[in-house]
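Printed here is query-v2.cif (mmCIF, C-alpha atoms and all ligand atoms):
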data_entry
#
loop_
_atom_site.label_atom_id
_atom_site.label_comp_id
_atom_site.auth_asym_id
_atom_site.auth_seq_id
_atom_site.Cartn_x
_atom_site.Cartn_y
_atom_site.Cartn_z
CA MET A 1 -31.90 27.85 26.98
CA ILE A 2 -32.13 28.30 23.19
CA SER A 3 -28.88 27.50 21.46
CA ASN A 4 -27.41 30.10 19.12
CA ASN A 5 -26.64 27.23 16.73
CA ASP A 6 -30.35 26.36 16.59
CA THR A 7 -31.30 29.99 16.02
CA LEU A 8 -28.74 30.44 13.26
CA PHE A 9 -29.75 27.16 11.61
CA ALA A 10 -33.41 28.22 11.58
CA ARG A 11 -32.47 31.58 10.05
CA ALA A 12 -30.09 30.00 7.55
CA GLN A 13 -32.77 27.67 6.23
CA LEU A 14 -34.92 30.65 5.28
CA THR A 15 -32.38 32.04 2.84
CA THR A 16 -30.05 29.14 1.95
CA PRO A 17 -31.13 25.70 0.69
CA GLY A 18 -30.83 23.35 3.67
CA GLY A 19 -29.19 26.16 5.63
CA VAL A 20 -25.71 25.37 4.32
CA ASN A 21 -23.40 26.13 1.42
CA SER A 22 -22.13 22.55 1.07
CA PRO A 23 -24.43 19.60 1.82
CA VAL A 24 -22.39 17.55 4.30
CA ARG A 25 -22.30 20.51 6.71
CA ALA A 26 -26.05 20.15 7.27
CA PHE A 27 -25.63 17.08 9.55
CA ARG A 28 -28.31 15.26 7.48
CA SER A 29 -26.38 12.00 7.69
CA VAL A 30 -25.89 12.11 11.48
CA GLY A 31 -28.94 14.18 12.47
CA GLY A 32 -29.05 17.16 14.83
CA THR A 33 -28.12 20.81 14.47
CA PRO A 34 -24.96 21.85 12.64
CA ARG A 35 -22.53 23.88 14.70
CA PHE A 36 -22.00 27.42 13.43
CA ILE A 37 -18.34 28.19 13.88
CA THR A 38 -17.25 31.60 15.15
CA ARG A 39 -13.48 31.23 15.46
CA ALA A 40 -10.67 28.70 15.39
CA GLU A 41 -7.15 28.41 16.75
CA GLY A 42 -4.63 25.56 16.55
CA PRO A 43 -6.51 22.23 16.92
CA TYR A 44 -9.72 23.85 18.20
CA PHE A 45 -12.75 25.74 17.00
CA TRP A 46 -15.63 27.35 18.87
CA ASP A 47 -19.31 27.38 17.98
CA ALA A 48 -21.94 30.09 18.26
CA ASP A 49 -22.62 29.05 21.89
CA ASP A 50 -18.92 29.50 22.63
CA ARG A 51 -18.40 25.75 23.07
CA ARG A 52 -14.91 24.58 22.18
CA TYR A 53 -14.30 21.47 20.07
CA ILE A 54 -11.18 19.56 19.13
CA ASP A 55 -11.47 19.75 15.35
CA TYR A 56 -10.78 16.68 13.21
CA ILE A 57 -11.94 18.02 9.86
CA GLY A 58 -9.51 20.93 9.57
CA SER A 59 -11.73 22.60 6.96
CA TRP A 60 -11.83 19.20 5.20
CA GLY A 61 -8.06 19.13 4.83
CA PRO A 62 -6.50 22.56 4.39
CA ALA A 63 -5.76 23.35 8.07
CA ILE A 64 -2.69 21.09 8.19
CA VAL A 65 -0.59 23.56 10.23
CA GLY A 66 -3.51 24.20 12.60
CA HIS A 67 -6.10 26.96 12.47
CA ALA A 68 -5.05 30.61 12.32
CA HIS A 69 -1.32 29.85 12.28
CA PRO A 70 0.40 33.22 12.98
CA THR A 71 2.72 32.88 9.95
CA VAL A 72 -0.17 32.23 7.58
CA ILE A 73 -2.31 35.01 9.08
CA LYS A 74 0.58 37.49 8.75
CA ALA A 75 1.15 36.50 5.09
CA VAL A 76 -2.56 36.97 4.36
CA GLN A 77 -2.69 40.33 6.14
CA ASP A 78 0.38 41.60 4.31
CA ALA A 79 -0.99 40.45 0.93
CA ALA A 80 -4.43 41.92 1.62
CA ALA A 81 -2.90 45.27 2.48
CA ARG A 82 -1.33 45.33 -1.00
CA GLY A 83 -4.68 44.76 -2.74
CA LEU A 84 -7.20 41.95 -2.96
CA SER A 85 -7.34 40.98 -6.63
CA PHE A 86 -5.87 42.34 -9.83
CA GLY A 87 -6.92 40.08 -12.71
CA ALA A 88 -3.32 40.29 -13.90
CA PRO A 89 -0.31 38.09 -13.14
CA THR A 90 1.68 38.44 -9.90
CA GLN A 91 5.07 37.33 -8.61
CA GLY A 92 3.31 35.23 -5.96
CA GLU A 93 1.77 33.04 -8.67
CA VAL A 94 5.20 32.42 -10.21
CA GLU A 95 6.62 31.48 -6.81
CA ILE A 96 3.84 29.09 -5.80
CA ALA A 97 3.97 27.40 -9.24
CA GLU A 98 7.72 26.91 -8.80
CA GLU A 99 7.15 25.53 -5.30
CA ILE A 100 4.48 23.06 -6.48
CA CYS A 101 6.69 21.84 -9.35
CA LYS A 102 9.57 21.39 -6.90
CA LEU A 103 7.52 19.44 -4.36
CA VAL A 104 5.64 17.25 -6.87
CA PRO A 105 8.17 16.25 -9.56
CA SER A 106 5.54 14.79 -11.94
CA ILE A 107 4.22 18.35 -12.29
CA GLU A 108 6.33 20.17 -14.87
CA GLN A 109 3.77 22.91 -15.45
CA VAL A 110 0.78 23.92 -13.38
CA ARG A 111 -2.33 26.09 -13.75
CA LEU A 112 -3.93 27.63 -10.65
CA VAL A 113 -7.70 27.60 -10.18
CA SER A 114 -9.93 28.25 -7.17
CA SER A 115 -11.52 24.91 -6.22
CA GLY A 116 -10.90 21.18 -6.47
CA THR A 117 -13.94 20.86 -8.71
CA GLU A 118 -12.42 23.31 -11.18
CA ALA A 119 -9.10 21.45 -11.05
CA THR A 120 -10.54 18.01 -11.88
CA MET A 121 -13.03 19.39 -14.41
CA SER A 122 -10.22 21.19 -16.23
CA ALA A 123 -7.91 18.15 -16.03
CA LEU A 124 -10.64 16.09 -17.69
CA ARG A 125 -11.12 18.63 -20.48
CA LEU A 126 -7.37 18.71 -21.00
CA ALA A 127 -7.18 14.91 -21.24
CA ARG A 128 -10.02 14.85 -23.76
CA GLY A 129 -8.56 17.75 -25.74
CA ALA A 130 -5.08 16.28 -25.85
CA THR A 131 -6.14 12.74 -26.80
CA GLY A 132 -9.10 13.57 -29.02
CA ARG A 133 -11.05 10.85 -27.14
CA ASP A 134 -14.30 11.17 -25.15
CA LYS A 135 -14.46 8.23 -22.77
CA ILE A 136 -13.23 8.48 -19.20
CA VAL A 137 -12.84 5.98 -16.37
CA LYS A 138 -13.53 6.72 -12.72
CA PHE A 139 -13.99 4.48 -9.69
CA GLU A 140 -17.00 3.89 -7.47
CA GLY A 141 -16.66 5.84 -4.22
CA CYS A 142 -14.06 8.31 -5.52
CA TYR A 143 -15.41 11.85 -5.47
CA HIS A 144 -13.81 14.38 -7.79
CA GLY A 145 -15.97 17.45 -7.22
CA HIS A 146 -19.27 18.21 -8.88
CA ALA A 147 -18.52 18.50 -12.61
CA ASP A 148 -21.25 16.82 -14.71
CA SER A 149 -19.09 14.02 -16.15
CA LEU A 150 -17.96 13.01 -12.68
CA LEU A 151 -21.27 12.82 -10.80
CA VAL A 152 -21.75 9.29 -11.99
CA LYS A 153 -22.34 5.93 -10.37
CA ALA A 154 -21.76 2.52 -11.87
CA GLY A 155 -24.13 1.28 -14.55
CA SER A 156 -25.81 -2.10 -14.48
CA GLY A 157 -22.80 -4.11 -15.67
CA LEU A 158 -19.03 -3.90 -15.92
CA LEU A 159 -18.77 -2.37 -19.35
CA THR A 160 -21.94 -0.31 -19.27
CA PHE A 161 -21.52 3.40 -18.83
CA GLY A 162 -22.68 5.13 -15.67
CA ASN A 163 -25.82 6.81 -14.37
CA PRO A 164 -25.95 10.40 -13.05
CA THR A 165 -25.86 10.73 -9.24
CA SER A 166 -27.42 14.19 -9.35
CA ALA A 167 -30.59 15.52 -10.90
CA GLY A 168 -29.75 18.00 -13.61
CA VAL A 169 -26.99 15.90 -15.15
CA PRO A 170 -28.25 14.67 -18.54
CA GLU A 171 -27.76 10.97 -19.31
CA ASP A 172 -26.07 12.15 -22.48
CA PHE A 173 -23.35 13.92 -20.47
CA VAL A 174 -22.36 10.81 -18.56
CA LYS A 175 -22.61 8.29 -21.36
CA HIS A 176 -18.85 8.54 -21.77
CA THR A 177 -18.06 7.86 -18.10
CA LEU A 178 -17.25 4.27 -17.16
CA VAL A 179 -17.38 3.59 -13.41
CA LEU A 180 -15.29 0.67 -12.16
CA ASP A 181 -14.60 -0.85 -8.72
CA TYR A 182 -11.82 0.72 -6.66
CA ASN A 183 -8.87 -1.63 -6.13
CA ASN A 184 -10.05 -4.08 -8.81
CA ALA A 185 -7.07 -4.34 -11.17
CA GLN A 186 -8.57 -7.17 -13.21
CA GLN A 187 -11.69 -5.16 -14.02
CA LEU A 188 -9.50 -2.32 -15.23
CA GLU A 189 -7.52 -4.73 -17.44
CA ASP A 190 -10.80 -5.98 -18.93
CA ALA A 191 -12.06 -2.46 -19.61
CA PHE A 192 -8.84 -1.48 -21.39
CA LYS A 193 -8.86 -4.69 -23.41
CA ASP A 194 -12.33 -3.83 -24.58
CA MET A 195 -11.97 -0.11 -25.33
CA GLY A 196 -8.52 1.11 -24.22
CA ASP A 197 -7.86 3.08 -27.40
CA GLN A 198 -11.03 5.14 -26.81
CA ILE A 199 -10.29 6.13 -23.20
CA ALA A 200 -9.07 9.71 -22.76
CA CYS A 201 -8.22 9.40 -19.09
CA VAL A 202 -8.45 7.44 -15.89
CA ILE A 203 -9.08 9.62 -12.84
CA VAL A 204 -8.50 8.24 -9.35
CA GLU A 205 -8.03 9.32 -5.74
CA PRO A 206 -4.85 7.30 -5.01
CA VAL A 207 -5.83 7.52 -1.37
CA ALA A 208 -9.58 7.95 -1.35
CA GLY A 209 -10.94 10.40 1.21
CA ASN A 210 -14.53 10.78 0.16
CA MET A 211 -15.78 7.28 1.01
CA ASN A 212 -14.10 7.50 4.40
CA LEU A 213 -10.36 6.77 4.02
CA VAL A 214 -9.59 3.92 1.62
CA ARG A 215 -6.07 3.33 0.37
CA ALA A 216 -5.37 1.99 -3.09
CA THR A 217 -3.28 -1.15 -3.30
CA PRO A 218 0.09 -0.66 -5.04
CA GLU A 219 -0.93 -3.33 -7.59
CA PHE A 220 -4.08 -1.40 -8.54
CA LEU A 221 -2.18 1.84 -9.17
CA GLN A 222 0.69 0.09 -10.94
CA THR A 223 -1.75 -1.68 -13.28
CA MET A 224 -3.42 1.67 -13.97
CA ARG A 225 -0.08 3.32 -14.78
CA ARG A 226 0.93 0.47 -17.09
CA LEU A 227 -2.37 0.41 -18.99
CA CYS A 228 -2.51 4.20 -19.39
CA THR A 229 1.02 4.23 -20.82
CA GLN A 230 0.25 1.31 -23.13
CA TYR A 231 -2.94 2.86 -24.54
CA GLY A 232 -1.91 6.54 -24.60
CA THR A 233 -4.49 7.33 -21.91
CA VAL A 234 -3.90 10.24 -19.51
CA LEU A 235 -3.56 9.14 -15.89
CA ILE A 236 -5.01 11.77 -13.55
CA PHE A 237 -4.34 11.52 -9.83
CA ASP A 238 -6.89 13.54 -7.89
CA GLU A 239 -4.76 14.57 -4.91
CA VAL A 240 -7.03 17.42 -3.84
CA MET A 241 -7.48 15.64 -0.52
CA CYS A 242 -4.40 13.46 -0.14
CA GLY A 243 -1.86 15.82 -1.74
CA PHE A 244 0.51 17.18 0.94
CA ARG A 245 -1.58 15.22 3.44
CA VAL A 246 -0.29 11.66 3.22
CA ALA A 247 3.29 12.75 2.43
CA LEU A 248 5.07 15.92 1.32
CA GLY A 249 5.01 14.82 -2.33
CA GLY A 250 1.48 13.42 -2.02
CA ALA A 251 0.29 9.85 -2.57
CA GLN A 252 2.35 9.65 -5.77
CA ALA A 253 5.52 9.97 -3.66
CA LEU A 254 4.29 7.33 -1.24
CA TYR A 255 3.46 4.82 -4.03
CA ASP A 256 6.32 5.97 -6.28
CA ILE A 257 4.01 6.30 -9.31
CA LYS A 258 4.04 9.26 -11.68
CA PRO A 259 0.63 10.34 -12.99
CA ASP A 260 0.45 12.43 -16.17
CA ILE A 261 -1.72 15.07 -14.52
CA THR A 262 -2.37 15.82 -10.84
CA ALA A 263 -5.25 17.80 -9.37
CA LEU A 264 -4.43 19.64 -6.13
CA GLY A 265 -6.39 21.82 -3.71
CA LYS A 266 -7.03 22.23 0.00
CA VAL A 267 -3.48 22.37 1.56
CA ILE A 268 -2.08 24.45 -1.33
CA GLY A 269 -4.50 27.20 -0.35
CA GLY A 270 -3.82 26.96 3.39
CA GLY A 271 -7.52 27.72 4.06
CA LEU A 272 -8.17 30.11 1.18
CA PRO A 273 -9.45 29.09 -2.26
CA VAL A 274 -6.49 27.81 -4.26
CA ALA A 275 -6.50 24.62 -6.31
CA ALA A 276 -4.42 23.55 -9.29
CA PHE A 277 -3.93 21.01 -12.01
CA GLY A 278 -0.59 20.27 -13.55
CA GLY A 279 1.66 17.62 -14.99
CA ARG A 280 3.59 16.79 -18.14
CA ALA A 281 4.62 19.95 -20.00
CA ASP A 282 3.61 18.49 -23.37
CA LEU A 283 0.08 17.96 -22.06
CA MET A 284 -0.13 21.32 -20.31
CA GLY A 285 0.90 22.90 -23.61
CA HIS A 286 -2.63 22.13 -24.85
CA MET A 287 -4.03 24.72 -22.44
CA ALA A 288 -5.05 28.16 -23.72
CA PRO A 289 -3.38 30.51 -24.50
CA LEU A 290 -0.80 28.04 -25.90
CA GLY A 291 -3.27 25.45 -27.09
CA SER A 292 -6.93 24.94 -27.80
CA VAL A 293 -8.21 23.67 -24.42
CA TYR A 294 -9.98 26.61 -22.80
CA GLN A 295 -10.06 27.39 -19.09
CA ALA A 296 -9.98 30.72 -17.19
CA GLY A 297 -10.95 32.36 -13.89
CA THR A 298 -11.23 35.89 -12.45
CA LEU A 299 -9.95 34.76 -9.06
CA SER A 300 -7.46 32.15 -10.31
CA GLY A 301 -4.13 32.78 -8.58
CA ASN A 302 -5.72 35.37 -6.29
CA PRO A 303 -2.84 37.14 -4.48
CA VAL A 304 -4.24 36.82 -0.96
CA ALA A 305 -5.13 33.14 -1.42
CA VAL A 306 -1.73 32.42 -2.95
CA ALA A 307 -0.02 34.08 0.04
CA ALA A 308 -1.90 31.75 2.42
CA GLY A 309 -1.00 28.75 0.29
CA MET A 310 2.66 29.65 -0.11
CA SER A 311 3.20 30.25 3.61
CA THR A 312 1.52 26.90 4.36
CA LEU A 313 3.72 25.11 1.81
CA LYS A 314 6.79 26.58 3.52
CA LEU A 315 5.63 25.51 6.99
CA ILE A 316 5.06 21.89 5.97
CA GLN A 317 8.65 21.67 4.76
CA GLU A 318 10.05 22.28 8.24
CA PRO A 319 12.23 19.34 9.33
CA GLY A 320 10.28 16.50 10.94
CA PHE A 321 6.87 17.95 10.03
CA TYR A 322 5.47 14.78 8.42
CA THR A 323 7.06 12.43 10.94
CA ARG A 324 5.32 14.29 13.78
CA LEU A 325 2.04 14.54 11.87
CA GLY A 326 2.08 10.81 11.08
CA THR A 327 2.98 9.91 14.67
CA GLN A 328 0.13 11.96 16.12
CA THR A 329 -2.39 10.56 13.64
CA SER A 330 -1.30 6.98 14.40
CA LYS A 331 -1.49 7.66 18.14
CA LEU A 332 -5.05 8.86 17.66
CA VAL A 333 -6.16 5.87 15.60
CA ASN A 334 -4.38 3.33 17.82
CA GLY A 335 -5.85 4.94 20.94
CA LEU A 336 -9.37 4.91 19.50
CA SER A 337 -9.00 1.29 18.38
CA ALA A 338 -7.81 0.25 21.86
CA ALA A 339 -10.70 2.14 23.50
CA ALA A 340 -13.21 0.41 21.18
CA LYS A 341 -11.69 -2.98 21.98
CA GLU A 342 -11.92 -2.34 25.75
CA ALA A 343 -15.60 -1.48 25.28
CA GLY A 344 -16.23 -4.52 23.05
CA VAL A 345 -17.22 -2.43 20.01
CA THR A 346 -16.48 -3.74 16.52
CA PHE A 347 -14.20 -1.06 15.11
CA SER A 348 -11.13 -0.54 12.97
CA GLY A 349 -9.04 2.44 11.96
CA ASP A 350 -6.43 3.47 9.44
CA ALA A 351 -4.00 6.39 9.26
CA ILE A 352 -1.73 7.75 6.54
CA GLY A 353 0.23 10.92 7.27
CA GLY A 354 -2.31 13.43 8.58
CA MET A 355 -5.40 11.60 7.25
CA PHE A 356 -7.36 8.93 9.06
CA GLY A 357 -10.38 6.66 8.71
CA LEU A 358 -12.62 5.29 11.48
CA TYR A 359 -14.85 2.34 10.58
CA PHE A 360 -17.48 0.52 12.57
CA ALA A 361 -16.38 -2.67 10.84
CA ALA A 362 -14.11 -5.56 11.80
CA ALA A 363 -11.54 -4.81 9.08
CA VAL A 364 -10.29 -1.72 7.28
CA PRO A 365 -12.35 -1.44 4.05
CA ASP A 366 -10.69 -1.60 0.64
CA SER A 367 -13.61 -0.66 -1.63
CA TYR A 368 -16.83 1.31 -1.79
CA ALA A 369 -18.86 -1.85 -1.13
CA THR A 370 -16.93 -2.71 2.04
CA VAL A 371 -17.13 0.88 3.32
CA MET A 372 -20.88 0.87 2.75
CA ALA A 373 -21.18 -2.36 4.73
CA SER A 374 -19.85 -0.65 7.90
CA ASN A 375 -22.30 0.18 10.69
CA LYS A 376 -23.55 3.70 10.00
CA ASP A 377 -25.93 3.78 12.99
CA LEU A 378 -23.11 3.09 15.41
CA PHE A 379 -21.02 5.79 13.74
CA ASN A 380 -23.86 8.29 14.13
CA LYS A 381 -24.24 7.51 17.84
CA PHE A 382 -20.47 7.73 18.31
CA PHE A 383 -20.36 11.03 16.41
CA HIS A 384 -22.93 12.61 18.73
CA ALA A 385 -21.35 11.24 21.90
CA MET A 386 -18.01 12.69 20.79
CA LEU A 387 -19.61 16.01 19.85
CA ASP A 388 -21.21 16.21 23.31
CA ALA A 389 -17.76 15.58 24.76
CA GLY A 390 -16.23 18.41 22.70
CA VAL A 391 -14.73 16.47 19.79
CA TYR A 392 -15.81 17.36 16.25
CA LEU A 393 -15.50 14.49 13.77
CA ALA A 394 -16.69 14.64 10.16
CA PRO A 395 -20.51 14.53 10.30
CA SER A 396 -20.73 11.45 8.08
CA ALA A 397 -19.52 7.86 8.30
CA PHE A 398 -18.18 8.25 4.77
CA GLU A 399 -15.63 11.03 5.14
CA ALA A 400 -11.95 10.89 6.10
CA GLY A 401 -10.64 12.77 9.15
CA PHE A 402 -7.72 15.18 9.39
CA VAL A 403 -5.11 15.87 12.06
CA SER A 404 -3.06 19.07 12.18
CA ALA A 405 0.45 19.79 13.41
CA GLN A 406 -1.17 21.42 16.46
CA HIS A 407 -2.81 18.20 17.67
CA ASP A 408 -0.27 17.54 20.42
CA ASP A 409 -0.23 14.64 22.90
CA ALA A 410 -2.60 16.39 25.33
CA VAL A 411 -5.15 16.93 22.56
CA ILE A 412 -4.89 13.34 21.33
CA GLU A 413 -5.17 11.99 24.88
CA ALA A 414 -8.23 14.16 25.56
CA THR A 415 -9.80 12.75 22.38
CA ILE A 416 -9.11 9.16 23.41
CA ALA A 417 -10.55 9.83 26.88
CA ALA A 418 -13.70 11.22 25.24
CA ALA A 419 -13.86 8.16 22.99
CA ARG A 420 -13.77 5.79 25.99
CA GLY A 421 -16.96 7.43 27.23
CA ALA A 422 -18.48 7.46 23.74
CA PHE A 423 -17.78 3.77 23.03
CA ALA A 424 -19.21 2.85 26.44
CA GLN A 425 -22.52 4.44 25.34
CA LEU A 426 -22.69 2.14 22.30
CA VAL A 427 -22.89 -1.18 24.14
N1 LIG B 501 -16.22 18.07 -0.24
C1 LIG B 501 -16.18 17.92 1.19
C2 LIG B 501 -16.59 16.55 1.58
N2 LIG B 501 -15.78 15.53 1.05
C3 LIG B 501 -17.07 18.91 1.90
C4 LIG B 501 -16.58 20.28 1.80
C5 LIG B 501 -17.26 21.24 2.75
O1 LIG B 501 -18.42 21.06 3.09
O2 LIG B 501 -16.62 22.20 3.16
#
What is this file in structure tokens?
Ligand code: HOZ
Amino acid sequence: MISNNDTLFARAQLTTPGGVNSPVRAFRSVGGTPRFITRAEGPYFWDADDRRYIDYIGSWGPAIVGHAHPTVIKAVQDAAARGLSFGAPTQGEVEIAEEICKLVPSIEQVRLVSSGTEATMSALRLARGATGRDKIVKFEGCYHGHADSLLVKAGSGLLTFGNPTSAGVPEDFVKHTLVLDYNNAQQLEDAFKDMGDQIACVIVEPVAGNMNLVRATPEFLQTMRRLCTQYGTVLIFDEVMCGFRVALGGAQALYDIKPDITALGKVIGGGLPVAAFGGRADLMGHMAPLGSVYQAGTLSGNPVAVAAGMSTLKLIQEPGFYTRLGTQTSKLVNGLSAAAKEAGVTFSGDAIGGMFGLYFAAAVPDSYATVMASNKDLFNKFFHAMLDAGVYLAPSAFEAGFVSAQHDDAVIEATIAAARGAFAQLV
């Protein structure tokens, strides 16, 4: 029988490059046909053949309270009934800004945008505008959206500037981007010693989620904070993925480090397009209309999206929310690790709050190089065995996974049972 997913994928490729609107969805890394999703509820979604999957991407992070949570749906329906977009300020924008500032104390003022890419791109412009400097530092393996200056990989040596990772990004645009190793505090010290007074900002995922899950060491982030303060460089935490995921106040609460600017997204939109950047009021004062750093957006602070985000932010503040989320995520990772061990498969896992990493490697990686050394072929086989068993993991060995508040014990146990079968197929 012809699968509806196959039919839709064939059609999609006629009108959309690669058949998808975001590359990782195309299953290129793991092979096979992407699933076209028709509906979702709680920890599950269903594909075009009406097959149900336990979902561990949660829309790549936003679905922290589970899919189609009745409270969020009601808030969206109520907001939509009042009008979809006004291009003028609303009370909802004031309320969500107040909520974000309350939950993330390093954020004194915040500007809403529509995607994580916009948030990091604008944060970068702000840092450059406020410092009058051009150079920026990022780390290999951290992904900050697809702005030109950030699609850069390391150059040939430590203090050489980077090379574009995408066609269409002129060398000239990235000649100010220095790419250093994640978790290498000494390298960062050396870079600042060499050119600290020219660096506008350091941007980092304090818990990286785009090279699988890789946590920063406290020493690495503390060194970064110290150097940025010493040299008047803006420290930007990209918490688009880990914000409200690893803890209520984000990774900065977990590590007890205050960045100057934070980029947020995903959870703050509850499944609709809301992202934000915010931080020290003196820095945010450089933004137009107060200052000379320009940024704008027709759908920024969209009332329906803000309603979804605000209701999600309220739900995650319910007592015990993060304790339960962390417990379920740890149960998942521990169960998968035990199942791999029983099967004799080299495997490790890590979990922080509602985010997790699965690695076909003996130890949890701490850098881009160690992540890349994990066994991608085994991951791909495991991915397909799990998919066949009704469990949807991220279709790439280099993406983090996400658990929602609706992943109860029965769901986690069903996943571990599926994994026992999947690991057995690998040996
Ligand atoms: N940026 C996401 C991967 N880290 C993918 C987003 C999507 O395809 O929806």
Counting all atoms listed in the file, which of A:Gln328, A:Gln77, A:Asn334, A:Thr117 gets nearest to ligand LIG 501 (chain B)?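 Closest residue, counting all atoms listed in the file: A:Thr117.
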Restrict the calculation to all atoms listed in the file, then for each residue of segment 376-411 of chain A with any atom at most 6 Å from an atom of segment 60-66 of chain A give the closest atom pair and their distance in Å to one decimal, rows by chain and rising residue number, as CSV.
residue,atom,partner,partner_atom,distance
A:Ser404,CA,A:Ile64,CA,4.5
A:Ala405,CA,A:Val65,CA,5.0
A:Gln406,CA,A:Gly66,CA,5.3
Could you jot down the atom CA of Gly155 of chain A to atom CA of Ala263 of chain A separation for me, Å, one decimal place?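 So the two atoms, atom CA of Gly155 of chain A and atom CA of Ala263 of chain A, lie 25.6 Å apart.
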Neighbourhood of ligand LIG 501 (chain B) at 12 Å, counting only C-alpha atoms and all ligand atoms, reported as a count of residues only: 48
Which is closer to Ala385 of chain A than all the others in A:Val274, A:Val104, A:Ile199, A:Val30, using all atoms listed in the file? A:Val30
